>>> print(open('entry38.cif').read())   # mmCIF, C-alpha atoms (C1' of nucleotides)
data_query
loop_
_atom_site.label_atom_id
_atom_site.label_comp_id
_atom_site.auth_asym_id
_atom_site.auth_seq_id
_atom_site.Cartn_x
_atom_site.Cartn_y
_atom_site.Cartn_z
CA MET A 1 -25.31 23.51 -12.71
CA ALA A 2 -23.63 21.94 -9.72
CA LYS A 3 -22.88 24.57 -7.12
CA ILE A 4 -20.30 24.43 -4.38
CA GLN A 5 -20.93 26.33 -1.13
CA SER A 6 -22.89 23.64 0.66
CA LYS A 7 -22.34 25.08 4.12
CA ARG A 8 -23.23 28.62 5.04
CA ASN A 9 -20.64 30.87 6.65
CA SER A 10 -17.89 29.49 4.48
CA THR A 11 -16.71 30.71 1.13
CA LYS A 12 -16.16 28.25 -1.69
CA LYS A 13 -12.46 28.69 -1.24
CA GLU A 14 -12.77 27.51 2.33
CA VAL A 15 -14.76 24.47 1.27
CA ILE A 16 -12.09 23.57 -1.25
CA ILE A 17 -9.35 23.93 1.33
CA GLU A 18 -11.25 21.84 3.82
CA LYS A 19 -11.79 19.01 1.36
CA ALA A 20 -8.19 19.34 0.21
CA SER A 21 -6.88 19.01 3.74
CA ARG A 22 -8.60 15.68 4.09
CA LEU A 23 -7.30 14.50 0.74
CA PHE A 24 -3.74 15.70 1.23
CA ARG A 25 -3.61 13.96 4.58
CA GLU A 26 -4.91 10.67 3.22
CA LYS A 27 -2.88 10.44 0.03
CA GLY A 28 -0.11 12.97 0.51
CA PHE A 29 0.20 16.24 -1.35
CA GLY A 30 2.04 14.77 -4.32
CA ALA A 31 -0.31 11.84 -4.82
CA ALA A 32 -3.49 13.86 -4.48
CA SER A 33 -4.57 15.22 -7.84
CA MET A 34 -6.68 18.23 -8.64
CA ARG A 35 -9.16 15.94 -10.37
CA ASP A 36 -9.36 13.93 -7.15
CA LEU A 37 -10.04 17.08 -5.23
CA ALA A 38 -12.58 18.35 -7.74
CA GLU A 39 -14.55 15.15 -7.45
CA HIS A 40 -14.74 15.47 -3.68
CA VAL A 41 -15.90 19.04 -4.06
CA GLY A 42 -18.44 18.01 -6.68
CA VAL A 43 -17.10 20.03 -9.57
CA GLU A 44 -14.80 19.76 -12.58
CA ALA A 45 -11.09 20.24 -12.00
CA ALA A 46 -10.89 23.40 -14.07
CA SER A 47 -13.62 25.04 -12.01
CA LEU A 48 -11.44 24.98 -8.93
CA TYR A 49 -9.32 27.65 -10.53
CA ASN A 50 -12.14 30.16 -10.24
CA HIS A 51 -11.47 30.09 -6.50
CA ILE A 52 -7.82 29.26 -6.04
CA GLN A 53 -4.69 30.15 -7.91
CA SER A 54 -2.82 26.88 -7.77
CA LYS A 55 -2.53 23.56 -6.02
CA SER A 56 0.33 24.74 -3.90
CA GLU A 57 -1.58 27.82 -2.82
CA ILE A 58 -3.82 25.42 -0.92
CA LEU A 59 -0.82 23.91 0.80
CA GLN A 60 0.53 27.34 1.66
CA THR A 61 -2.77 28.42 3.15
CA ILE A 62 -2.96 25.34 5.34
CA CYS A 63 0.64 25.41 6.51
CA PHE A 64 0.68 29.07 7.45
CA LYS A 65 -2.75 29.00 9.04
CA VAL A 66 -1.48 26.36 11.45
CA ALA A 67 1.85 28.08 11.98
CA ASN A 68 0.16 31.38 12.79
CA GLU A 69 -2.21 29.77 15.23
CA PHE A 70 0.63 28.20 17.18
CA MET A 71 2.64 31.37 17.07
CA THR A 72 -0.19 33.53 18.37
CA ASN A 73 -0.71 31.17 21.27
CA LEU A 74 2.98 31.14 22.07
CA GLU A 75 3.09 34.92 22.26
CA GLN A 76 0.25 34.94 24.76
CA VAL A 77 2.01 32.38 26.91
CA GLU A 78 5.29 34.26 26.74
CA ALA A 79 3.59 37.45 27.90
CA SER A 80 1.85 35.76 30.81
CA PRO A 81 3.35 35.80 34.32
CA GLN A 82 2.82 32.07 34.99
CA PRO A 83 5.54 29.81 36.33
CA THR A 84 7.45 27.77 33.76
CA LEU A 85 5.68 24.47 34.41
CA ARG A 86 2.28 26.04 33.84
CA LYS A 87 3.47 27.72 30.68
CA MET A 88 4.68 24.44 29.32
CA GLU A 89 1.49 22.68 30.27
CA THR A 90 -0.58 25.32 28.51
CA ILE A 91 1.47 24.93 25.37
CA ILE A 92 1.43 21.15 25.49
CA ARG A 93 -2.32 21.05 25.97
CA LEU A 94 -2.90 23.41 23.08
CA HIS A 95 -0.75 21.26 20.83
CA ILE A 96 -2.61 18.14 21.83
CA ARG A 97 -6.00 19.74 21.38
CA MET A 98 -5.06 21.19 18.00
CA MET A 99 -3.90 17.75 16.99
CA LEU A 100 -7.20 16.29 18.09
CA ASP A 101 -9.70 18.69 16.58
CA GLN A 102 -7.80 20.20 13.70
CA TYR A 103 -6.12 16.96 12.87
CA GLU A 104 -6.03 17.28 9.09
CA TYR A 105 -4.58 20.77 9.09
CA VAL A 106 -1.95 20.09 11.72
CA TYR A 107 -0.95 16.85 10.11
CA ILE A 108 -0.34 18.54 6.78
CA ALA A 109 1.66 21.36 8.30
CA ASP A 110 3.69 18.68 10.07
CA HIS A 111 4.27 16.29 7.18
CA GLU A 112 3.67 17.96 3.84
CA TRP A 113 5.52 21.25 4.22
CA ARG A 114 8.32 19.73 2.13
CA HIS A 115 6.25 20.38 -0.96
CA LEU A 116 5.96 24.10 -0.38
CA PRO A 117 7.60 26.06 -3.21
CA GLU A 118 10.19 28.67 -2.45
CA PRO A 119 10.18 31.19 -0.91
CA TYR A 120 7.40 29.80 1.24
CA LEU A 121 9.44 26.77 2.18
CA SER A 122 12.25 28.81 3.69
CA ASN A 123 9.74 31.09 5.32
CA PHE A 124 7.94 28.19 6.92
CA LEU A 125 11.12 26.56 8.16
CA ASN A 126 12.29 29.84 9.65
CA GLN A 127 9.05 30.22 11.54
CA ARG A 128 9.37 26.67 12.79
CA ARG A 129 12.93 27.13 13.93
CA ASN A 130 11.97 30.36 15.62
CA TYR A 131 9.07 28.69 17.41
CA ARG A 132 11.27 25.94 18.78
CA LYS A 133 13.93 28.36 19.83
CA ARG A 134 11.45 30.38 21.84
CA LEU A 135 10.04 27.25 23.43
CA SER A 136 13.52 26.24 24.43
CA ASP A 137 14.11 29.76 25.79
CA ILE A 138 11.14 29.31 28.09
CA LEU A 139 12.64 26.11 29.40
CA GLU A 140 16.05 27.67 29.80
CA ALA A 141 14.63 30.53 31.80
CA GLY A 142 12.81 28.03 33.99
CA ILE A 143 16.03 26.17 34.64
CA ALA A 144 17.88 29.38 35.47
CA LYS A 145 15.16 30.30 37.97
CA GLY A 146 15.37 26.80 39.43
CA GLU A 147 11.75 26.08 38.59
CA ILE A 148 12.36 22.92 36.59
CA LYS A 149 14.91 20.16 36.25
CA ALA A 150 18.20 21.00 34.53
CA ILE A 151 17.50 19.07 31.36
CA ASP A 152 18.85 19.96 27.95
CA PRO A 153 16.19 22.40 26.66
CA TYR A 154 16.62 21.58 23.01
CA THR A 155 16.18 17.87 23.60
CA ALA A 156 13.14 18.52 25.75
CA VAL A 157 11.49 20.59 23.03
CA LEU A 158 12.26 17.89 20.50
CA VAL A 159 10.77 15.19 22.69
CA ILE A 160 7.66 17.17 23.54
CA LEU A 161 6.79 18.30 20.03
CA SER A 162 7.56 14.96 18.46
CA ALA A 163 5.60 13.04 21.04
CA ILE A 164 2.54 15.14 20.36
CA SER A 165 2.84 14.95 16.61
CA GLY A 166 2.88 11.19 17.02
CA ILE A 167 -0.74 11.32 18.06
CA ASP A 168 -1.52 10.89 14.38
CA SER A 169 -0.73 7.20 14.68
CA TRP A 170 -3.23 7.06 17.51
CA GLN A 171 -5.98 8.78 15.51
CA ARG A 172 -6.49 5.62 13.50
CA SER A 173 -7.20 3.44 16.53
CA ARG A 174 -9.44 5.80 18.47
CA LYS A 175 -11.58 3.03 19.85
CA THR A 176 -9.42 1.97 22.77
CA THR A 177 -8.58 5.32 24.36
CA ASN A 178 -10.64 8.49 24.37
CA ALA A 179 -9.26 11.94 23.72
CA GLU A 180 -9.33 13.39 27.25
CA THR A 181 -7.61 10.35 28.70
CA LEU A 182 -4.90 10.48 26.11
CA GLU A 183 -4.39 14.17 26.73
CA SER A 184 -4.03 13.80 30.47
CA ASN A 185 -1.79 10.74 30.19
CA MET A 186 0.44 12.48 27.76
CA VAL A 187 0.66 15.69 29.77
CA LYS A 188 1.52 13.64 32.82
CA TYR A 189 4.41 11.87 31.10
CA LEU A 190 5.82 14.97 29.43
CA ILE A 191 5.46 17.31 32.39
CA GLU A 192 6.77 14.76 34.88
CA GLY A 193 10.03 14.70 32.98
CA LEU A 194 10.47 18.42 33.62
CA LYS A 195 9.72 18.48 37.35
CA LYS A 196 12.59 18.63 39.82
CA MET B 1 28.86 1.65 -21.36
CA ALA B 2 28.20 3.05 -17.94
CA LYS B 3 28.20 0.34 -15.35
CA ILE B 4 26.59 0.37 -11.96
CA GLN B 5 28.21 -1.61 -9.13
CA SER B 6 30.67 1.02 -7.99
CA LYS B 7 31.22 -0.52 -4.57
CA ARG B 8 32.31 -4.10 -4.04
CA ASN B 9 30.28 -6.39 -1.78
CA SER B 10 27.03 -4.92 -2.96
CA THR B 11 24.86 -6.05 -5.82
CA LYS B 12 23.51 -3.52 -8.27
CA LYS B 13 20.12 -3.96 -6.71
CA GLU B 14 21.53 -2.87 -3.37
CA VAL B 15 23.13 0.18 -4.95
CA ILE B 16 19.81 1.14 -6.49
CA ILE B 17 18.00 0.75 -3.20
CA GLU B 18 20.61 2.78 -1.37
CA LYS B 19 20.37 5.64 -3.84
CA ALA B 20 16.60 5.36 -3.82
CA SER B 21 16.44 5.64 -0.05
CA ARG B 22 18.20 8.95 -0.21
CA LEU B 23 15.94 10.20 -2.97
CA PHE B 24 12.71 8.99 -1.40
CA ARG B 25 13.62 10.66 1.85
CA GLU B 26 14.45 13.97 0.22
CA LYS B 27 11.52 14.25 -2.18
CA GLY B 28 9.03 11.71 -0.89
CA PHE B 29 8.15 8.47 -2.65
CA GLY B 30 5.49 10.01 -4.85
CA ALA B 31 7.57 12.95 -6.00
CA ALA B 32 10.71 10.94 -6.68
CA SER B 33 10.70 9.66 -10.24
CA MET B 34 12.44 6.66 -11.72
CA ARG B 35 14.27 8.98 -14.10
CA ASP B 36 15.47 10.92 -11.07
CA LEU B 37 16.70 7.72 -9.52
CA ALA B 38 18.30 6.49 -12.71
CA GLU B 39 20.30 9.68 -12.99
CA HIS B 40 21.66 9.28 -9.47
CA VAL B 41 22.60 5.71 -10.25
CA GLY B 42 24.22 6.78 -13.51
CA VAL B 43 22.05 4.84 -15.91
CA GLU B 44 18.93 5.17 -18.05
CA ALA B 45 15.58 4.70 -16.34
CA ALA B 46 14.69 1.60 -18.30
CA SER B 47 17.90 -0.12 -17.24
CA LEU B 48 16.81 -0.12 -13.63
CA TYR B 49 14.24 -2.73 -14.52
CA ASN B 50 16.96 -5.29 -15.16
CA HIS B 51 17.53 -5.27 -11.40
CA ILE B 52 14.21 -4.43 -9.81
CA GLN B 53 10.65 -5.29 -10.65
CA SER B 54 8.93 -2.02 -9.87
CA LYS B 55 9.25 1.27 -8.05
CA SER B 56 7.17 0.05 -5.16
CA GLU B 57 9.32 -3.07 -4.79
CA ILE B 58 12.05 -0.71 -3.63
CA LEU B 59 9.75 0.77 -1.04
CA GLN B 60 8.71 -2.68 0.15
CA THR B 61 12.31 -3.77 0.51
CA ILE B 62 13.19 -0.74 2.59
CA CYS B 63 10.13 -0.83 4.82
CA PHE B 64 10.36 -4.51 5.67
CA LYS B 65 14.11 -4.46 6.12
CA VAL B 66 13.67 -1.86 8.84
CA ALA B 67 10.67 -3.59 10.36
CA ASN B 68 12.52 -6.89 10.57
CA GLU B 69 15.55 -5.31 12.17
CA PHE B 70 13.44 -3.77 14.93
CA MET B 71 11.47 -6.96 15.40
CA THR B 72 14.58 -9.11 15.73
CA ASN B 73 15.96 -6.80 18.37
CA LEU B 74 12.71 -6.77 20.28
CA GLU B 75 12.66 -10.57 20.43
CA GLN B 76 16.13 -10.60 21.93
CA VAL B 77 15.12 -8.08 24.56
CA GLU B 78 11.95 -9.96 25.39
CA ALA B 79 13.91 -13.15 25.91
CA SER B 80 16.46 -11.50 28.19
CA PRO B 81 16.14 -11.58 32.00
CA GLN B 82 16.85 -7.86 32.49
CA PRO B 83 14.68 -5.62 34.64
CA THR B 84 12.08 -3.55 32.82
CA LEU B 85 13.94 -0.26 32.93
CA ARG B 86 17.03 -1.84 31.34
CA LYS B 87 14.90 -3.48 28.67
CA MET B 88 13.34 -0.15 27.78
CA GLU B 89 16.67 1.59 27.75
CA THR B 90 18.09 -1.03 25.39
CA ILE B 91 15.18 -0.59 23.04
CA ILE B 92 15.25 3.18 23.18
CA ARG B 93 18.97 3.27 22.50
CA LEU B 94 18.61 0.95 19.53
CA HIS B 95 15.90 3.14 18.08
CA ILE B 96 17.98 6.24 18.49
CA ARG B 97 21.05 4.65 17.00
CA MET B 98 19.10 3.24 14.07
CA MET B 99 17.72 6.71 13.50
CA LEU B 100 21.20 8.15 13.54
CA ASP B 101 23.11 5.76 11.32
CA GLN B 102 20.41 4.28 9.14
CA TYR B 103 18.56 7.54 8.90
CA GLU B 104 17.31 7.28 5.34
CA TYR B 105 15.91 3.79 5.73
CA VAL B 106 14.23 4.42 9.06
CA TYR B 107 12.79 7.69 7.89
CA ILE B 108 11.17 6.06 4.88
CA ALA B 109 9.73 3.19 6.91
CA ASP B 110 8.36 5.85 9.25
CA HIS B 111 6.92 8.27 6.73
CA GLU B 112 6.46 6.67 3.34
CA TRP B 113 4.79 3.35 4.21
CA ARG B 114 1.49 4.90 3.11
CA HIS B 115 2.50 4.31 -0.47
CA LEU B 116 2.94 0.58 -0.07
CA PRO B 117 0.51 -1.32 -2.29
CA GLU B 118 -1.73 -3.96 -0.78
CA PRO B 119 -1.29 -6.51 0.63
CA TYR B 120 2.05 -5.14 1.83
CA LEU B 121 0.41 -2.14 3.40
CA SER B 122 -1.79 -4.22 5.69
CA ASN B 123 1.09 -6.52 6.42
CA PHE B 124 3.31 -3.64 7.44
CA LEU B 125 0.67 -2.02 9.62
CA ASN B 126 0.01 -5.32 11.35
CA GLN B 127 3.67 -5.73 12.13
CA ARG B 128 3.77 -2.21 13.48
CA ARG B 129 0.73 -2.68 15.64
CA ASN B 130 2.16 -5.93 16.92
CA TYR B 131 5.49 -4.29 17.74
CA ARG B 132 3.83 -1.55 19.76
CA LYS B 133 1.60 -4.00 21.54
CA ARG B 134 4.58 -6.03 22.67
CA LEU B 135 6.42 -2.92 23.79
CA SER B 136 3.42 -1.93 25.83
CA ASP B 137 3.28 -5.46 27.26
CA ILE B 138 6.81 -5.05 28.54
CA LEU B 139 5.79 -1.85 30.30
CA GLU B 140 2.66 -3.42 31.70
CA ALA B 141 4.63 -6.32 33.13
CA GLY B 142 7.04 -3.85 34.68
CA ILE B 143 4.19 -1.98 36.32
CA ALA B 144 2.67 -5.22 37.65
CA LYS B 145 6.02 -6.15 39.17
CA GLY B 146 6.29 -2.68 40.67
CA GLU B 147 9.48 -1.95 38.76
CA ILE B 148 8.28 1.23 37.10
CA LYS B 149 5.76 4.00 37.60
CA ALA B 150 2.09 3.19 36.97
CA ILE B 151 1.81 5.16 33.74
CA ASP B 152 -0.55 4.29 30.90
CA PRO B 153 1.58 1.87 28.82
CA TYR B 154 0.04 2.74 25.49
CA THR B 155 0.66 6.46 25.97
CA ALA B 156 4.20 5.77 27.07
CA VAL B 157 4.93 3.73 23.94
CA LEU B 158 3.43 6.46 21.81
CA VAL B 159 5.52 9.16 23.47
CA ILE B 160 8.74 7.16 23.31
CA LEU B 161 8.48 6.09 19.68
CA SER B 162 7.28 9.46 18.46
CA ALA B 163 9.94 11.34 20.35
CA ILE B 164 12.63 9.25 18.74
CA SER B 165 11.20 9.49 15.26
CA GLY B 166 11.29 13.26 15.71
CA ILE B 167 15.06 13.12 15.58
CA ASP B 168 14.69 13.61 11.85
CA SER B 169 14.03 17.27 12.43
CA TRP B 170 17.31 17.37 14.32
CA GLN B 171 19.27 15.67 11.54
CA ARG B 172 19.14 18.87 9.53
CA SER B 173 20.79 21.00 12.21
CA ARG B 174 23.47 18.61 13.36
CA LYS B 175 25.96 21.36 14.04
CA THR B 176 24.80 22.40 17.50
CA THR B 177 24.48 19.05 19.23
CA ASN B 178 26.43 15.87 18.57
CA ALA B 179 24.90 12.43 18.35
CA GLU B 180 26.06 10.95 21.65
CA THR B 181 24.87 13.96 23.61
CA LEU B 182 21.49 13.86 21.96
CA GLU B 183 21.18 10.15 22.67
CA SER B 184 22.03 10.48 26.35
CA ASN B 185 19.80 13.53 26.82
CA MET B 186 16.91 11.82 25.16
CA VAL B 187 17.33 8.59 27.10
CA LYS B 188 17.46 10.59 30.29
CA TYR B 189 14.19 12.38 29.58
CA LEU B 190 12.32 9.31 28.37
CA ILE B 191 13.56 6.90 31.04
CA GLU B 192 13.09 9.42 33.84
CA GLY B 193 9.40 9.50 33.05
CA LEU B 194 9.18 5.79 33.73
CA LYS B 195 11.00 5.69 37.07
CA LYS B 196 9.03 5.52 40.28
"C1'" DA C 1 -35.13 45.24 -18.52
"C1'" DT C 2 -30.45 45.39 -19.29
"C1'" DA C 3 -25.76 45.07 -18.25
"C1'" DA C 4 -22.24 42.97 -15.53
"C1'" DT C 5 -20.29 39.74 -12.95
"C1'" DG C 6 -19.49 35.00 -11.12
"C1'" DC C 7 -18.87 30.42 -11.90
"C1'" DA C 8 -19.04 25.79 -13.96
"C1'" DC C 9 -18.48 23.68 -18.17
"C1'" DT C 10 -15.68 21.26 -22.30
"C1'" DA C 11 -11.48 20.82 -24.66
"C1'" DA C 12 -6.99 20.93 -24.89
"C1'" DC C 13 -1.85 21.84 -24.11
"C1'" DA C 14 2.49 20.53 -22.76
"C1'" DC C 15 4.38 17.88 -19.86
"C1'" DT C 16 5.84 13.82 -16.68
"C1'" DC C 17 4.89 9.36 -14.96
"C1'" DG C 18 6.03 4.05 -14.51
"C1'" DT C 19 6.88 0.61 -17.45
"C1'" DT C 20 7.64 -2.54 -21.71
"C1'" DA C 21 9.67 -4.15 -26.30
"C1'" DG C 22 13.27 -4.82 -28.92
"C1'" DT C 23 18.14 -4.44 -29.75
"C1'" DA C 24 22.99 -3.80 -29.10
"C1'" DA C 25 26.85 -4.13 -26.16
"C1'" DT C 26 29.29 -6.12 -22.54
"C1'" DT C 27 30.68 -9.84 -19.42
"C1'" DA C 28 31.01 -14.67 -17.90
"C1'" DT C 29 31.34 -19.44 -19.09
"C1'" DA C 30 32.98 -23.27 -21.94
"C1'" DT D 1 37.79 -18.13 -29.21
"C1'" DA D 2 32.91 -19.23 -29.53
"C1'" DT D 3 28.59 -19.26 -26.88
"C1'" DA D 4 25.45 -17.93 -23.42
"C1'" DA D 5 23.79 -14.83 -20.15
"C1'" DT D 6 23.57 -10.07 -18.29
"C1'" DT D 7 22.63 -5.69 -18.72
"C1'" DA D 8 22.47 -1.04 -20.83
"C1'" DC D 9 20.54 1.30 -24.57
"C1'" DT D 10 16.68 3.87 -27.57
"C1'" DA D 11 11.96 4.45 -28.48
"C1'" DA D 12 7.62 4.40 -27.28
"C1'" DC D 13 3.09 3.23 -24.87
"C1'" DG D 14 -0.92 4.80 -22.42
"C1'" DA D 15 -2.30 7.13 -18.59
"C1'" DG D 16 -2.25 10.97 -15.54
"C1'" DT D 17 -0.42 15.74 -14.20
"C1'" DG D 18 -1.45 20.98 -13.23
"C1'" DT D 19 -3.24 24.46 -15.66
"C1'" DT D 20 -5.29 27.72 -19.40
"C1'" DA D 21 -8.61 29.31 -23.00
"C1'" DG D 22 -12.87 30.00 -24.43
"C1'" DT D 23 -17.93 29.43 -23.95
"C1'" DG D 24 -22.47 29.83 -21.96
"C1'" DC D 25 -25.65 29.89 -18.17
"C1'" DA D 26 -27.34 32.00 -13.84
"C1'" DT D 27 -27.46 35.23 -10.51
"C1'" DT D 28 -26.83 40.02 -9.03
"C1'" DA D 29 -26.43 45.10 -9.69
"C1'" DT D 30 -27.89 49.11 -12.21
#
>>> encode(input="entry38.cif", output="structure tokens")
Amino acid sequence: MAKIQSKRNSTKKEVIIEKASRLFREKGFGAASMRDLAEHVGVEAASLYNHIQSKSEILQTICFKVANEFMTNLEQVEASPQPTLRKMETIIRLHIRMMLDQYEYVYIADHEWRHLPEPYLSNFLNQRRNYRKRLSDILEAGIAKGEIKAIDPYTAVLVILSAISGIDSWQRSRKTTNAETLESNMVKYLIEGLKK
Amino acid sequence: MAKIQSKRNSTKKEVIIEKASRLFREKGFGAASMRDLAEHVGVEAASLYNHIQSKSEILQTICFKVANEFMTNLEQVEASPQPTLRKMETIIRLHIRMMLDQYEYVYIADHEWRHLPEPYLSNFLNQRRNYRKRLSDILEAGIAKGEIKAIDPYTAVLVILSAISGIDSWQRSRKTTNAETLESNMVKYLIEGLKK
DNA sequence: ATAATGCACTAACACTCGTTAGTAATTATA
DNA sequence: TATAATTACTAACGAGTGTTAGTGCATTAT
């Protein structure tokens, strides 16, 4: 019979989640059906349930995988002794690079979290709020130390994160600009706005 | 029997679209059902079809209403003799204000256009691409005239539009910051990045 | 060799979906 | 007041939803 596990070093569950991430991004979580997904995996819909518990479990896995990755990185930056501008640049570059080479996952965590069932939804939103708060704390500390311009930290965080998440609308027209150029252009714009 | 048209100066179709915009924004186009919508309007689902032709007609109406409003404004700005920085500020402020007081509509045009059926989908994306191109042309002209910093125009447009569309994640925590403050903070950050 | 597990299969359940037909009730026009 | 046009209603359609039960084959462990 048709077997899953095409690639080595990845469980069937991981294959399903990878295919699902592509599908959820293209059609949206609600519009993507399990039969859709099964077809992409090369299996009947019912067979998916030998590896996952539910459709929304897939969404949970994706959302929290991304959230954890960002959070881990943030903690490292917080613990480092770098000046504020460097900290921000590190964070911005990580966000851009995640957006570029884990596009599907990041996109879903950004746009499809609405469909998380409780209590995961609240959990996710709390983590998100917490992340932004700590980012804004970094900026605030930088302002207090006179390292960066006295801009409203909350607005700055909003602008920075939103600008990066907007890269998705660039993904579709990759031809004109390449990734490194985009990254450096974007960093320049966003960091310039923080300098004194 | 239960009648629609609660407010004067608005046809029943407009009432339906207004309620739908709220619903589509909250649950997403795919997850919002016609029976959901009908209940909010105070009518049976089938009755909606005396006023609209299909579910996706509602989405089309919303998306193109927003697109046209932005396009009209852009044409006025293009035709004006203002310096580049003023042009950009006018556009940025319009975007922010649209986001603030036509939130539901703008949000849907921003996030739910995926679900437009062809040929409306292509049409919409063309308009969007065109809009961004013309914005970036304004910046390019400004750079050529030496009025603003020599930043990559495409990246700048991406950052500006994305930053503004990210206001939606602020909408939910309105308490801390008020609208005018957010607008002026955001304009400051975004315009500062363009100055020489 | 035998038992045990893993996994894909078919079939089906219990919905929900957008939408249409046909009819009754209401409103506007004359 | 009689007639025409709107518009809301009930009932139902066919298709699609996530998910479960039960079955049998294939690989692995004993």
>>> residues_around(input="entry38.cif", residues="region 18-27 of chain C", least_positions_apart="2", cutoff="9 Å", atoms="only C-alpha atoms (C1' of nucleotides)", output="mmCIF file with C-alpha atoms (C1' of nucleotides), in the frame of the given file")
data_model
loop_
_atom_site.group_PDB
_atom_site.id
_atom_site.type_symbol
_atom_site.label_atom_id
_atom_site.label_comp_id
_atom_site.auth_asym_id
_atom_site.auth_seq_id
_atom_site.Cartn_x
_atom_site.Cartn_y
_atom_site.Cartn_z
ATOM 1 C CA MET B 1 28.860 1.650 -21.360
ATOM 2 C CA SER B 33 10.700 9.660 -10.240
ATOM 3 C CA MET B 34 12.440 6.660 -11.720
ATOM 4 C CA ALA B 46 14.690 1.600 -18.300
ATOM 5 C CA TYR B 49 14.240 -2.730 -14.520
ATOM 6 C CA SER B 54 8.930 -2.020 -9.870
ATOM 7 C CA LYS B 55 9.250 1.270 -8.050
ATOM 8 C "C1'" DA D 5 23.790 -14.830 -20.150
ATOM 9 C "C1'" DT D 6 23.570 -10.070 -18.290
ATOM 10 C "C1'" DT D 7 22.630 -5.690 -18.720
ATOM 11 C "C1'" DA D 8 22.470 -1.040 -20.830
ATOM 12 C "C1'" DC D 9 20.540 1.300 -24.570
ATOM 13 C "C1'" DT D 10 16.680 3.870 -27.570
ATOM 14 C "C1'" DA D 12 7.620 4.400 -27.280
ATOM 15 C "C1'" DC D 13 3.090 3.230 -24.870
#
>>> closest_residue(input="entry38.cif", among="B:Ile167, B:Leu59, B:Ile91, B:Leu182", to="Tyr103 (chain B)", atoms="all atoms listed in the file")
B:Ile167
>>> axis_aligned_box(input="entry38.cif", around="region 3-6 of chain C", padding_each_side="5 Å", output="JSON")
{"center_x": -22.6, "center_y": 40.0, "center_z": -14.7, "size_x": 16.3, "size_y": 20.1, "size_z": 17.1}
>>> atom_distance(input="entry38.cif", atom1="CA of Phe70 (chain A)", atom2="CA of His95 (chain A)")
8.0 Å
>>> closest_atom_pairs(input="entry38.cif", of="chain A", to="chain B", cutoff="9 Å", atoms="all atoms listed in the file", output="JSON lines")
{"residue": "A:Glu26", "atom": "CA", "partner": "B:Arg114", "partner_atom": "CA", "distance": 8.6}
{"residue": "A:Lys27", "atom": "CA", "partner": "B:Arg114", "partner_atom": "CA", "distance": 7.7}
{"residue": "A:Gly28", "atom": "CA", "partner": "B:Gly30", "partner_atom": "CA", "distance": 8.3}
{"residue": "A:Phe29", "atom": "CA", "partner": "B:Gly30", "partner_atom": "CA", "distance": 8.9}
{"residue": "A:Gly30", "atom": "CA", "partner": "B:Gly30", "partner_atom": "CA", "distance": 5.9}
{"residue": "A:Ala31", "atom": "CA", "partner": "B:Gly30", "partner_atom": "CA", "distance": 6.1}
{"residue": "A:His111", "atom": "CA", "partner": "B:His111", "partner_atom": "CA", "distance": 8.5}
{"residue": "A:Arg114", "atom": "CA", "partner": "B:Lys27", "partner_atom": "CA", "distance": 7.7}
{"residue": "A:His115", "atom": "CA", "partner": "B:Lys27", "partner_atom": "CA", "distance": 8.2}
{"residue": "A:Ile151", "atom": "CA", "partner": "B:Asn185", "partner_atom": "CA", "distance": 7.5}
{"residue": "A:Asp152", "atom": "CA", "partner": "B:Asn185", "partner_atom": "CA", "distance": 6.6}
{"residue": "A:Thr155", "atom": "CA", "partner": "B:Met186", "partner_atom": "CA", "distance": 6.3}
{"residue": "A:Ala156", "atom": "CA", "partner": "B:Tyr189", "partner_atom": "CA", "distance": 7.3}
{"residue": "A:Leu158", "atom": "CA", "partner": "B:Gly166", "partner_atom": "CA", "distance": 6.7}
{"residue": "A:Val159", "atom": "CA", "partner": "B:Ala163", "partner_atom": "CA", "distance": 4.6}
{"residue": "A:Ile160", "atom": "CA", "partner": "B:Ala163", "partner_atom": "CA", "distance": 7.0}
{"residue": "A:Leu161", "atom": "CA", "partner": "B:Ala163", "partner_atom": "CA", "distance": 7.6}
{"residue": "A:Ser162", "atom": "CA", "partner": "B:Ala163", "partner_atom": "CA", "distance": 4.7}
{"residue": "A:Ala163", "atom": "CA", "partner": "B:Val159", "partner_atom": "CA", "distance": 4.6}
{"residue": "A:Ile164", "atom": "CA", "partner": "B:Val159", "partner_atom": "CA", "distance": 7.4}
{"residue": "A:Ser165", "atom": "CA", "partner": "B:Ser162", "partner_atom": "CA", "distance": 7.3}
{"residue": "A:Gly166", "atom": "CA", "partner": "B:Ser162", "partner_atom": "CA", "distance": 4.9}
{"residue": "A:Ile167", "atom": "CA", "partner": "B:Leu158", "partner_atom": "CA", "distance": 7.4}
{"residue": "A:Ser169", "atom": "CA", "partner": "B:Leu158", "partner_atom": "CA", "distance": 8.3}
{"residue": "A:Trp170", "atom": "CA", "partner": "B:Leu158", "partner_atom": "CA", "distance": 8.0}
{"residue": "A:Leu182", "atom": "CA", "partner": "B:Thr155", "partner_atom": "CA", "distance": 6.9}
{"residue": "A:Asn185", "atom": "CA", "partner": "B:Thr155", "partner_atom": "CA", "distance": 6.5}
{"residue": "A:Met186", "atom": "CA", "partner": "B:Thr155", "partner_atom": "CA", "distance": 6.3}
{"residue": "A:Lys188", "atom": "CA", "partner": "B:Ile151", "partner_atom": "CA", "distance": 8.5}
{"residue": "A:Tyr189", "atom": "CA", "partner": "B:Gly193", "partner_atom": "CA", "distance": 5.9}
{"residue": "A:Leu190", "atom": "CA", "partner": "B:Gly193", "partner_atom": "CA", "distance": 7.5}
{"residue": "A:Ile191", "atom": "CA", "partner": "B:Gly193", "partner_atom": "CA", "distance": 8.8}
{"residue": "A:Glu192", "atom": "CA", "partner": "B:Gly193", "partner_atom": "CA", "distance": 6.2}
{"residue": "A:Gly193", "atom": "CA", "partner": "B:Gly193", "partner_atom": "CA", "distance": 5.2}
{"residue": "A:Leu194", "atom": "CA", "partner": "B:Tyr189", "partner_atom": "CA", "distance": 8.2}
